[in-house]
>>> print(open('final-v2.txt').read())   # compact mmCIF, C-alpha atoms and all ligand atoms
# COMPACT_ATOMS: atom_id res chain seq x y z
CA MET A 1 -89.36 -65.85 7.82
CA LYS A 2 -87.02 -65.69 4.84
CA ASN A 3 -85.75 -62.28 5.99
CA SER A 4 -85.13 -63.61 9.51
CA PHE A 5 -83.09 -66.54 8.09
CA ILE A 6 -80.96 -64.17 6.01
CA LEU A 7 -80.37 -61.89 9.03
CA SER A 8 -79.29 -64.86 11.23
CA ALA A 9 -76.92 -66.13 8.57
CA PHE A 10 -75.42 -62.69 8.20
CA LEU A 11 -74.88 -62.35 11.99
CA CYS A 12 -73.18 -65.78 12.12
CA ILE A 13 -70.80 -64.87 9.31
CA ALA A 14 -70.01 -61.52 11.02
CA LEU A 15 -69.32 -63.32 14.32
CA LEU A 16 -67.02 -65.89 12.66
CA PHE A 17 -65.14 -63.12 10.88
CA SER A 18 -64.73 -61.16 14.14
CA CYS A 19 -63.44 -64.25 16.02
CA ASN A 20 -61.00 -64.99 13.22
CA GLU A 21 -59.67 -61.41 13.35
CA GLN A 22 -59.32 -61.63 17.15
CA MET A 23 -57.34 -64.88 16.84
CA LYS A 24 -55.09 -63.30 14.24
CA GLU A 25 -54.51 -60.37 16.65
CA GLU A 26 -53.59 -62.73 19.50
CA VAL A 27 -51.13 -64.56 17.28
CA LYS A 28 -49.60 -61.23 16.25
CA THR A 29 -49.02 -60.07 19.87
CA PRO A 30 -47.74 -62.94 22.03
CA MET A 31 -47.34 -62.34 25.77
CA ALA A 32 -44.20 -60.28 26.53
CA LYS A 33 -41.33 -62.37 27.86
CA VAL A 34 -38.96 -61.29 30.66
CA GLU A 35 -36.10 -61.05 28.17
CA ASP A 36 -38.19 -58.63 26.09
CA ALA A 37 -38.33 -56.08 28.93
CA VAL A 38 -36.75 -52.74 28.10
CA ILE A 39 -35.05 -52.53 31.51
CA ILE A 40 -32.83 -55.59 31.98
CA HIS A 41 -32.04 -56.63 35.56
CA GLU A 42 -28.78 -58.53 35.02
CA GLU A 43 -29.13 -60.59 38.20
CA TYR A 44 -32.29 -62.16 36.81
CA THR A 45 -30.84 -63.28 33.48
CA ALA A 46 -29.19 -66.40 34.94
CA PRO A 47 -31.01 -69.73 34.46
CA GLU A 48 -34.40 -69.74 36.22
CA PRO A 49 -34.10 -70.92 39.89
CA THR A 50 -35.86 -74.15 40.75
CA THR A 51 -35.77 -73.95 44.57
CA PRO A 52 -36.83 -71.15 46.98
CA GLU A 53 -33.35 -71.04 48.59
CA GLU A 54 -31.76 -69.88 45.34
CA THR A 55 -33.57 -66.52 45.61
CA GLU A 56 -32.82 -65.86 49.33
CA TYR A 57 -29.69 -64.21 50.78
CA TYR A 58 -28.45 -63.28 54.27
CA GLU A 59 -25.51 -60.89 53.79
CA PRO A 60 -24.84 -58.04 54.21
CA LYS A 61 -26.89 -57.74 57.39
CA VAL A 62 -29.36 -54.84 57.68
CA PRO A 63 -28.50 -52.43 60.54
CA VAL A 64 -30.84 -52.37 63.51
CA VAL A 65 -32.16 -48.85 64.27
CA GLY A 66 -34.31 -47.96 67.25
CA PRO A 67 -37.63 -46.63 65.92
CA ALA A 68 -38.97 -43.08 66.06
CA THR A 69 -42.09 -43.95 68.01
CA ASN A 70 -43.54 -42.83 71.36
CA GLY A 71 -41.66 -39.53 71.20
CA ASN A 72 -38.29 -41.21 70.59
CA ILE A 73 -35.94 -40.45 67.74
CA PRO A 74 -34.15 -43.11 65.66
CA SER A 75 -31.20 -44.50 67.62
CA ASP A 76 -28.72 -43.50 64.90
CA ALA A 77 -30.07 -39.95 64.38
CA ILE A 78 -27.93 -36.85 64.85
CA VAL A 79 -29.77 -34.35 67.06
CA LEU A 80 -29.45 -30.84 65.67
CA PHE A 81 -31.74 -29.16 68.18
CA ASP A 82 -33.41 -30.60 71.27
CA GLY A 83 -34.25 -27.37 73.06
CA SER A 84 -31.23 -27.34 75.36
CA SER A 85 -28.99 -24.94 73.44
CA LEU A 86 -28.19 -23.27 70.12
CA ASP A 87 -24.56 -24.38 70.29
CA GLY A 88 -24.78 -26.31 67.02
CA TRP A 89 -25.96 -23.25 65.09
CA VAL A 90 -24.35 -20.10 63.71
CA HIS A 91 -25.51 -17.15 61.65
CA THR A 92 -24.99 -17.76 57.95
CA GLU A 93 -23.77 -14.25 57.25
CA ASP A 94 -20.79 -14.09 59.62
CA ASN A 95 -20.55 -17.47 61.35
CA SER A 96 -21.32 -15.84 64.72
CA PRO A 97 -23.21 -17.79 67.44
CA ALA A 98 -26.94 -18.03 66.73
CA LYS A 99 -28.90 -15.24 68.40
CA TRP A 100 -32.40 -16.64 67.88
CA HIS A 101 -34.55 -16.98 71.02
CA LEU A 102 -34.17 -20.19 73.01
CA ASN A 103 -37.57 -20.80 74.63
CA LYS A 104 -38.43 -22.58 77.87
CA ASP A 105 -40.72 -25.04 76.03
CA GLY A 106 -37.77 -26.57 74.14
CA SER A 107 -38.21 -24.55 70.96
CA MET A 108 -36.37 -21.70 69.29
CA THR A 109 -37.84 -18.66 67.56
CA VAL A 110 -36.53 -16.31 64.89
CA ALA A 111 -35.20 -13.16 66.55
CA ASP A 112 -36.20 -10.14 64.47
CA LYS A 113 -33.77 -9.31 61.69
CA THR A 114 -30.87 -11.31 63.12
CA GLY A 115 -30.53 -13.27 59.89
CA ASN A 116 -30.55 -16.90 58.82
CA ILE A 117 -28.96 -19.54 60.99
CA GLN A 118 -27.35 -22.81 59.94
CA THR A 119 -25.85 -25.92 61.46
CA LYS A 120 -22.12 -26.14 62.00
CA GLN A 121 -22.31 -29.66 60.58
CA LYS A 122 -22.66 -30.42 56.88
CA PHE A 123 -24.68 -33.30 55.52
CA GLY A 124 -25.57 -33.93 51.86
CA ASP A 125 -28.17 -36.71 51.54
CA ILE A 126 -30.38 -36.86 54.62
CA GLN A 127 -33.58 -37.92 56.26
CA LEU A 128 -34.65 -34.83 58.20
CA HIS A 129 -37.27 -34.42 60.90
CA ILE A 130 -38.18 -30.86 61.87
CA GLU A 131 -41.15 -29.28 63.61
CA TRP A 132 -42.23 -25.69 63.12
CA LYS A 133 -44.95 -23.33 64.30
CA SER A 134 -46.43 -20.19 62.73
CA PRO A 135 -46.64 -17.19 65.07
CA LEU A 136 -49.70 -15.77 66.79
CA PRO A 137 -51.29 -13.29 66.62
CA VAL A 138 -51.73 -13.54 62.84
CA GLN A 139 -50.17 -10.56 61.12
CA ARG A 140 -49.99 -9.43 57.51
CA ASP A 141 -50.76 -11.72 54.56
CA GLY A 142 -49.34 -13.51 51.52
CA GLN A 143 -45.61 -14.17 51.72
CA ASN A 144 -45.31 -11.91 54.75
CA ARG A 145 -47.30 -14.10 57.13
CA GLY A 146 -45.14 -16.49 59.12
CA ASN A 147 -42.55 -16.91 56.37
CA SER A 148 -39.44 -18.94 57.02
CA GLY A 149 -37.81 -21.80 55.17
CA ILE A 150 -35.66 -24.89 55.44
CA PHE A 151 -32.67 -24.82 53.10
CA LEU A 152 -31.26 -28.24 52.20
CA ASP A 153 -27.49 -28.17 51.81
CA GLY A 154 -27.98 -24.49 52.72
CA ILE A 155 -29.24 -23.87 49.15
CA TYR A 156 -32.63 -25.40 48.27
CA GLU A 157 -35.61 -23.94 50.14
CA ILE A 158 -38.60 -25.93 51.31
CA GLN A 159 -41.07 -23.19 52.13
CA VAL A 160 -42.40 -22.59 55.62
CA LEU A 161 -45.41 -20.25 55.60
CA ASP A 162 -48.66 -19.61 57.45
CA ASN A 163 -51.01 -20.49 54.57
CA ASN A 164 -54.16 -20.83 56.67
CA ASN A 165 -56.76 -18.63 54.94
CA ASN A 166 -53.85 -16.94 53.24
CA ASP A 167 -53.45 -17.44 49.50
CA THR A 168 -50.21 -16.83 47.67
CA TYR A 169 -48.55 -18.14 44.50
CA VAL A 170 -48.78 -21.93 44.68
CA ASN A 171 -45.11 -22.53 43.92
CA GLY A 172 -44.31 -20.41 46.96
CA GLN A 173 -46.90 -21.75 49.37
CA VAL A 174 -46.19 -23.89 52.39
CA GLY A 175 -44.36 -27.08 51.40
CA ALA A 176 -43.27 -25.79 47.97
CA ILE A 177 -39.78 -26.13 46.61
CA TYR A 178 -39.67 -22.38 46.48
CA LYS A 179 -40.59 -20.97 43.04
CA GLN A 180 -40.25 -24.45 41.47
CA GLY A 181 -42.60 -27.11 42.72
CA PRO A 182 -45.97 -26.59 44.45
CA PRO A 183 -46.84 -29.16 47.12
CA LEU A 184 -49.30 -31.94 46.29
CA ALA A 185 -51.49 -30.82 49.18
CA MET A 186 -51.82 -28.14 51.85
CA ALA A 187 -51.66 -30.05 55.14
CA SER A 188 -51.02 -27.38 57.78
CA VAL A 189 -52.42 -27.51 61.29
CA PRO A 190 -54.14 -24.38 62.65
CA THR A 191 -51.90 -21.36 63.12
CA GLY A 192 -50.04 -21.53 66.42
CA GLU A 193 -49.93 -25.36 66.51
CA TRP A 194 -46.88 -27.49 65.70
CA ASN A 195 -46.36 -28.74 62.15
CA VAL A 196 -44.06 -31.66 61.30
CA TYR A 197 -41.95 -32.02 58.17
CA ASP A 198 -40.27 -35.34 57.43
CA ILE A 199 -37.96 -34.84 54.47
CA ILE A 200 -35.85 -37.19 52.35
CA TYR A 201 -33.26 -35.24 50.39
CA HIS A 202 -30.80 -36.51 47.82
CA ALA A 203 -28.26 -33.94 46.69
CA PRO A 204 -27.52 -33.28 43.01
CA LYS A 205 -24.36 -34.73 41.51
CA PHE A 206 -21.77 -32.80 39.53
CA ASN A 207 -18.96 -33.94 37.27
CA ALA A 208 -15.31 -32.88 37.60
CA GLU A 209 -15.95 -29.85 35.39
CA GLY A 210 -18.75 -28.67 37.68
CA GLY A 211 -21.62 -29.62 35.38
CA LYS A 212 -24.73 -31.11 36.94
CA ILE A 213 -25.08 -34.74 35.86
CA LYS A 214 -27.94 -35.71 38.16
CA SER A 215 -30.61 -33.53 39.75
CA GLY A 216 -31.28 -33.58 43.46
CA THR A 217 -34.63 -34.89 44.67
CA VAL A 218 -36.83 -34.26 47.66
CA THR A 219 -39.69 -36.11 49.29
CA VAL A 220 -41.68 -34.30 51.99
CA LEU A 221 -44.34 -35.52 54.39
CA HIS A 222 -46.19 -32.61 56.01
CA ASN A 223 -47.98 -33.79 59.13
CA GLY A 224 -47.92 -37.31 57.66
CA VAL A 225 -49.30 -36.22 54.27
CA LEU A 226 -47.14 -36.70 51.17
CA ILE A 227 -46.65 -33.25 49.64
CA GLN A 228 -43.44 -33.70 47.59
CA ASP A 229 -43.02 -37.11 45.93
CA HIS A 230 -39.39 -37.62 44.96
CA THR A 231 -39.59 -34.23 43.23
CA GLU A 232 -36.71 -33.15 41.02
CA ILE A 233 -34.87 -30.10 42.33
CA LYS A 234 -34.14 -28.02 39.27
CA GLY A 235 -31.58 -25.75 40.90
CA THR A 236 -31.34 -22.91 43.38
CA THR A 237 -34.55 -21.34 44.70
CA PRO A 238 -34.15 -17.57 44.23
CA TYR A 239 -36.86 -14.95 44.83
CA VAL A 240 -35.99 -13.38 41.46
CA GLY A 241 -34.63 -15.26 38.45
CA TRP A 242 -34.33 -18.84 37.22
CA PRO A 243 -32.87 -21.72 39.21
CA LYS A 244 -29.09 -22.01 38.80
CA ASN A 245 -26.88 -25.04 39.23
CA PRO A 246 -23.55 -24.08 40.78
CA PRO A 247 -21.60 -27.18 41.83
CA HIS A 248 -21.40 -27.85 45.54
CA GLY A 249 -20.51 -30.50 48.09
CA LYS A 250 -22.13 -31.23 51.42
CA GLY A 251 -23.76 -28.20 53.03
CA PRO A 252 -25.42 -27.23 56.30
CA LEU A 253 -29.09 -27.15 57.14
CA MET A 254 -30.16 -23.50 57.08
CA LEU A 255 -33.27 -21.89 58.60
CA GLN A 256 -34.59 -18.61 57.25
CA ASP A 257 -35.16 -15.30 58.99
CA HIS A 258 -37.45 -13.78 56.36
CA GLY A 259 -36.68 -10.32 57.70
CA ASP A 260 -40.27 -9.20 58.23
CA ASP A 261 -40.66 -10.09 61.91
CA SER A 262 -42.11 -13.49 60.98
CA ARG A 263 -41.45 -15.09 64.36
CA VAL A 264 -41.56 -18.73 63.29
CA SER A 265 -40.51 -21.31 65.89
CA TYR A 266 -38.70 -24.65 65.48
CA ARG A 267 -38.17 -27.69 67.69
CA ASN A 268 -37.13 -31.37 67.62
CA ILE A 269 -34.70 -31.27 64.70
CA TRP A 270 -32.75 -34.38 63.82
CA VAL A 271 -31.20 -35.95 60.74
CA ARG A 272 -30.05 -39.33 59.57
CA PRO A 273 -27.33 -39.00 56.91
CA LEU A 274 -28.12 -41.35 54.05
MG MG A 301 -39.37 -18.70 52.98
>>> encode(input="final-v2.txt", output="structure tokens")
Amino acid sequence: MKNSFILSAFLCIALLFSCNEQMKEEVKTPMAKVEDAVIIHEEYTAPEPTTPEETEYYEPKVPVVGPATNGNIPSDAIVLFDGSSLDGWVHTEDNSPAKWHLNKDGSMTVADKTGNIQTKQKFGDIQLHIEWKSPLPVQRDGQNRGNSGIFLDGIYEIQVLDNNNNDTYVNGQVGAIYKQGPPLAMASVPTGEWNVYDIIYHAPKFNAEGGKIKSGTVTVLHNGVLIQDHTEIKGTTPYVGWPKNPPHGKGPLMLQDHGDDSRVSYRNIWVRPL
């Protein structure tokens, strides 16, 4: 009985001590105030509004854009390829008219060893929609199976590859920023079916001396799955060597002929300059 009394008294003292310490801790760390935030949003440092109207504004108006639903494209999109012609495209090497195959189903296909093609137009920051299809029958493996690529500003490659049951280095697999950033997921449809890339690209920025002051970024949805999440582009995407950062302005959209008879097809290509 005496022991039980001593034990209870001890527990009470321990509890009181613990509560006291907790209170001291709370006093030491008061709730953070808005003005204590590390990032200061200047527009919110004015005296606190007291009516809802003070935090609502109506200008400038937001542009109305027809949506990309039911097979439509956004009403302000620039169509780069709709299956009717290759007039907007030239070969990168010599600026000659694109010699890739124009197919009856509204797509185009890499013509063996004709070389990369690119748009005549130049863009910089864009929202890009592009559909692509790996060739059948399946041939070869690794990087030599259905390899192509989409080069943003004609420089930075987002990999196109038939990765179905076909392993390769992850920073060169389908959806990778080639040799830099693996995709977050592999979201390809079966070989021979149409894949969709929706890409948001922001170009890097350079100062007057040609030094890079801000990296480019890219976000990619592959068949509706996020595979690049505002990923930093660290420079060029060479097969051999480190990324480099030569200064550049707006560039074309370039599509790769990998040179190994990878007959990849493309269709429904449009952009919205940002
Ligand atoms: Mg490639």
>>> residues_near_point(input="final-v2.txt", point="(-35.1, -25.8, 49.6)", cutoff="9 Å", atoms="all atoms listed in the file", output="list in words")
Gly149, Ile150, Phe151, Leu152, Asp153, Gly154, Ile155, Tyr156, Glu157, Ile158, Gln159, Ala176, Ile177, Tyr178, Val218, Ile233, Thr236 and Thr237 of chain A
>>> write_last_selection(input="final-v2.txt", atoms="C-alpha atoms", output="mmCIF file, in the coordinates of the input")
data_model
loop_
_atom_site.group_PDB
_atom_site.id
_atom_site.type_symbol
_atom_site.label_atom_id
_atom_site.label_comp_id
_atom_site.auth_asym_id
_atom_site.auth_seq_id
_atom_site.Cartn_x
_atom_site.Cartn_y
_atom_site.Cartn_z
ATOM 1 C CA GLY A 149 -37.810 -21.800 55.170
ATOM 2 C CA ILE A 150 -35.660 -24.890 55.440
ATOM 3 C CA PHE A 151 -32.670 -24.820 53.100
ATOM 4 C CA LEU A 152 -31.260 -28.240 52.200
ATOM 5 C CA ASP A 153 -27.490 -28.170 51.810
ATOM 6 C CA GLY A 154 -27.980 -24.490 52.720
ATOM 7 C CA ILE A 155 -29.240 -23.870 49.150
ATOM 8 C CA TYR A 156 -32.630 -25.400 48.270
ATOM 9 C CA GLU A 157 -35.610 -23.940 50.140
ATOM 10 C CA ILE A 158 -38.600 -25.930 51.310
ATOM 11 C CA GLN A 159 -41.070 -23.190 52.130
ATOM 12 C CA ALA A 176 -43.270 -25.790 47.970
ATOM 13 C CA ILE A 177 -39.780 -26.130 46.610
ATOM 14 C CA TYR A 178 -39.670 -22.380 46.480
ATOM 15 C CA VAL A 218 -36.830 -34.260 47.660
ATOM 16 C CA ILE A 233 -34.870 -30.100 42.330
ATOM 17 C CA THR A 236 -31.340 -22.910 43.380
ATOM 18 C CA THR A 237 -34.550 -21.340 44.700
#
>>> residues_near_ligand(input="final-v2.txt", ligand="ligand MG 301 (chain A)", cutoff="7 Å", atoms="only C-alpha atoms and all ligand atoms", output="list in words")
Asn147, Ser148, Gly149, Gln159, Val160, Leu161, Gln256 and His258 of chain A
>>> residues_around(input="final-v2.txt", residues="stretch 212-216 of chain A", least_positions_apart="4", cutoff="6 Å", atoms="all atoms listed in the file", output="ChimeraX atom specification")
/A:202-206,232-233
>>> residues_around(input="final-v2.txt", residues="A:Ala187", least_positions_apart="5", cutoff="8 Å", atoms="only C-alpha atoms", output="VMD selection string")
chain A and resid 222 to 223 225
>>> write_last_selection(input="final-v2.txt", atoms="C-alpha atoms", output="mmCIF file, in the frame of the given file")
data_model
loop_
_atom_site.group_PDB
_atom_site.id
_atom_site.type_symbol
_atom_site.label_atom_id
_atom_site.label_comp_id
_atom_site.auth_asym_id
_atom_site.auth_seq_id
_atom_site.Cartn_x
_atom_site.Cartn_y
_atom_site.Cartn_z
ATOM 1 C CA HIS A 222 -46.190 -32.610 56.010
ATOM 2 C CA ASN A 223 -47.980 -33.790 59.130
ATOM 3 C CA VAL A 225 -49.300 -36.220 54.270
#
>>> residues_around(input="final-v2.txt", residues="A:Pro74", least_positions_apart="4", cutoff="10 Å", atoms="all atoms listed in the file", output="VMD selection string")
chain A and resid 65 to 69 78 to 79 270 to 272
>>> atom_distance(input="final-v2.txt", atom1="atom CA of A:Thr217", atom2="atom CA of A:Asp87")
29.5 Å
>>> closest_residue(input="final-v2.txt", among="A:Ala37, A:Val90, A:Ala77, A:Leu221", to="A:Gln118", atoms="only C-alpha atoms")
A:Val90
>>> atom_distance(input="final-v2.txt", atom1="atom CA of A:Gly211", atom2="atom CA of A:Pro247")
6.9 Å
>>> atom_distance(input="final-v2.txt", atom1="atom CA of A:Pro273", atom2="atom CA of A:Gly124")
7.4 Å
>>> closest_atom_pairs(input="final-v2.txt", of="stretch 129-148 of chain A", to="stretch 103-112 of chain A", cutoff="12 Å", atoms="all atoms listed in the file", output="CSV")
residue,atom,partner,partner_atom,distance
A:Ile130,CA,A:Ser107,CA,11.1
A:Glu131,CA,A:Ser107,CA,9.2
A:Trp132,CA,A:Ser107,CA,8.9
A:Lys133,CA,A:Thr109,CA,9.1
A:Ser134,CA,A:Thr109,CA,10.0
A:Pro135,CA,A:Thr109,CA,9.3
A:Gly146,CA,A:Val110,CA,10.4
A:Asn147,CA,A:Val110,CA,10.4
A:Ser148,CA,A:Val110,CA,8.8
>>> closest_residue(input="final-v2.txt", among="A:Thr119, A:Asn245, A:Thr55, A:Ser188", to="A:Glu43", atoms="all atoms listed in the file")
A:Thr55
>>> decode(input="final-v2.txt", residues="stretch 45-121 of chain A", atoms="C-alpha atoms", output="short mmCIF file (atom, residue, chain, number, x, y, z; two decimals), in the first residue's frame")
data_model
loop_
_atom_site.label_atom_id
_atom_site.label_comp_id
_atom_site.auth_asym_id
_atom_site.auth_seq_id
_atom_site.Cartn_x
_atom_site.Cartn_y
_atom_site.Cartn_z
CA THR A 45 1.91 43.23 -47.10
CA ALA A 46 -0.69 46.03 -47.30
CA PRO A 47 -3.15 46.35 -44.40
CA GLU A 48 -5.36 43.26 -44.08
CA PRO A 49 -8.55 43.55 -46.25
CA THR A 50 -11.83 43.66 -44.38
CA THR A 51 -14.26 43.02 -47.27
CA PRO A 52 -14.31 40.26 -49.95
CA GLU A 53 -14.29 42.84 -52.80
CA GLU A 54 -10.84 44.06 -51.80
CA THR A 55 -9.29 40.74 -52.88
CA GLU A 56 -11.14 40.41 -56.24
CA TYR A 57 -10.07 41.91 -59.59
CA TYR A 58 -11.44 41.89 -63.16
CA GLU A 59 -8.62 43.14 -65.42
CA PRO A 60 -6.79 42.12 -67.49
CA LYS A 61 -9.35 39.75 -68.98
CA VAL A 62 -8.33 36.11 -69.53
CA PRO A 63 -8.38 35.08 -73.23
CA VAL A 64 -11.06 32.63 -74.31
CA VAL A 65 -9.59 29.54 -76.04
CA GLY A 66 -11.66 26.80 -77.65
CA PRO A 67 -10.85 23.55 -75.82
CA ALA A 68 -8.96 20.53 -77.12
CA THR A 69 -11.80 18.08 -76.63
CA ASN A 70 -13.74 15.75 -78.93
CA GLY A 71 -10.85 15.58 -81.40
CA ASN A 72 -10.56 19.38 -81.67
CA ILE A 73 -7.42 21.39 -81.10
CA PRO A 74 -7.27 24.62 -79.07
CA SER A 75 -8.65 27.50 -81.14
CA ASP A 76 -5.39 29.46 -80.86
CA ALA A 77 -3.06 26.54 -81.68
CA ILE A 78 -0.64 26.59 -84.61
CA VAL A 79 -1.01 23.39 -86.63
CA LEU A 80 2.39 22.01 -87.59
CA PHE A 81 1.14 18.81 -89.19
CA ASP A 82 -2.42 17.70 -89.89
CA GLY A 83 -1.71 14.99 -92.45
CA SER A 84 -2.33 17.12 -95.54
CA SER A 85 1.25 18.02 -96.43
CA LEU A 86 4.85 18.33 -95.28
CA ASP A 87 5.08 21.91 -96.52
CA GLY A 88 5.93 23.28 -93.08
CA TRP A 89 8.94 20.97 -92.71
CA VAL A 90 12.47 20.86 -94.09
CA HIS A 91 15.50 18.67 -93.59
CA THR A 92 17.76 20.01 -90.85
CA GLU A 93 20.96 19.28 -92.73
CA ASP A 94 20.35 21.30 -95.90
CA ASN A 95 16.98 23.01 -95.51
CA SER A 96 15.57 20.96 -98.42
CA PRO A 97 11.85 19.99 -98.49
CA ALA A 98 11.05 17.13 -96.12
CA LYS A 99 11.22 13.75 -97.84
CA TRP A 100 9.58 11.66 -95.11
CA HIS A 101 6.58 9.55 -96.19
CA LEU A 102 3.19 11.25 -96.15
CA ASN A 103 0.66 8.49 -95.41
CA LYS A 104 -2.98 8.20 -96.43
CA ASP A 105 -4.08 7.90 -92.77
CA GLY A 106 -2.95 11.46 -92.00
CA SER A 107 0.43 10.54 -90.54
CA MET A 108 4.02 10.82 -91.67
CA THR A 109 6.80 8.26 -91.30
CA VAL A 110 10.58 8.53 -91.20
CA ALA A 111 11.98 7.70 -94.64
CA ASP A 112 15.12 5.59 -94.23
CA LYS A 113 18.28 7.63 -93.79
CA THR A 114 16.83 10.87 -95.14
CA GLY A 115 17.81 12.71 -91.97
CA ASN A 116 16.08 14.79 -89.32
CA ILE A 117 13.31 17.17 -90.27
CA GLN A 118 12.30 20.41 -88.58
CA THR A 119 9.63 23.07 -88.78
CA LYS A 120 10.23 26.21 -90.79
CA GLN A 121 8.77 28.14 -87.88
#
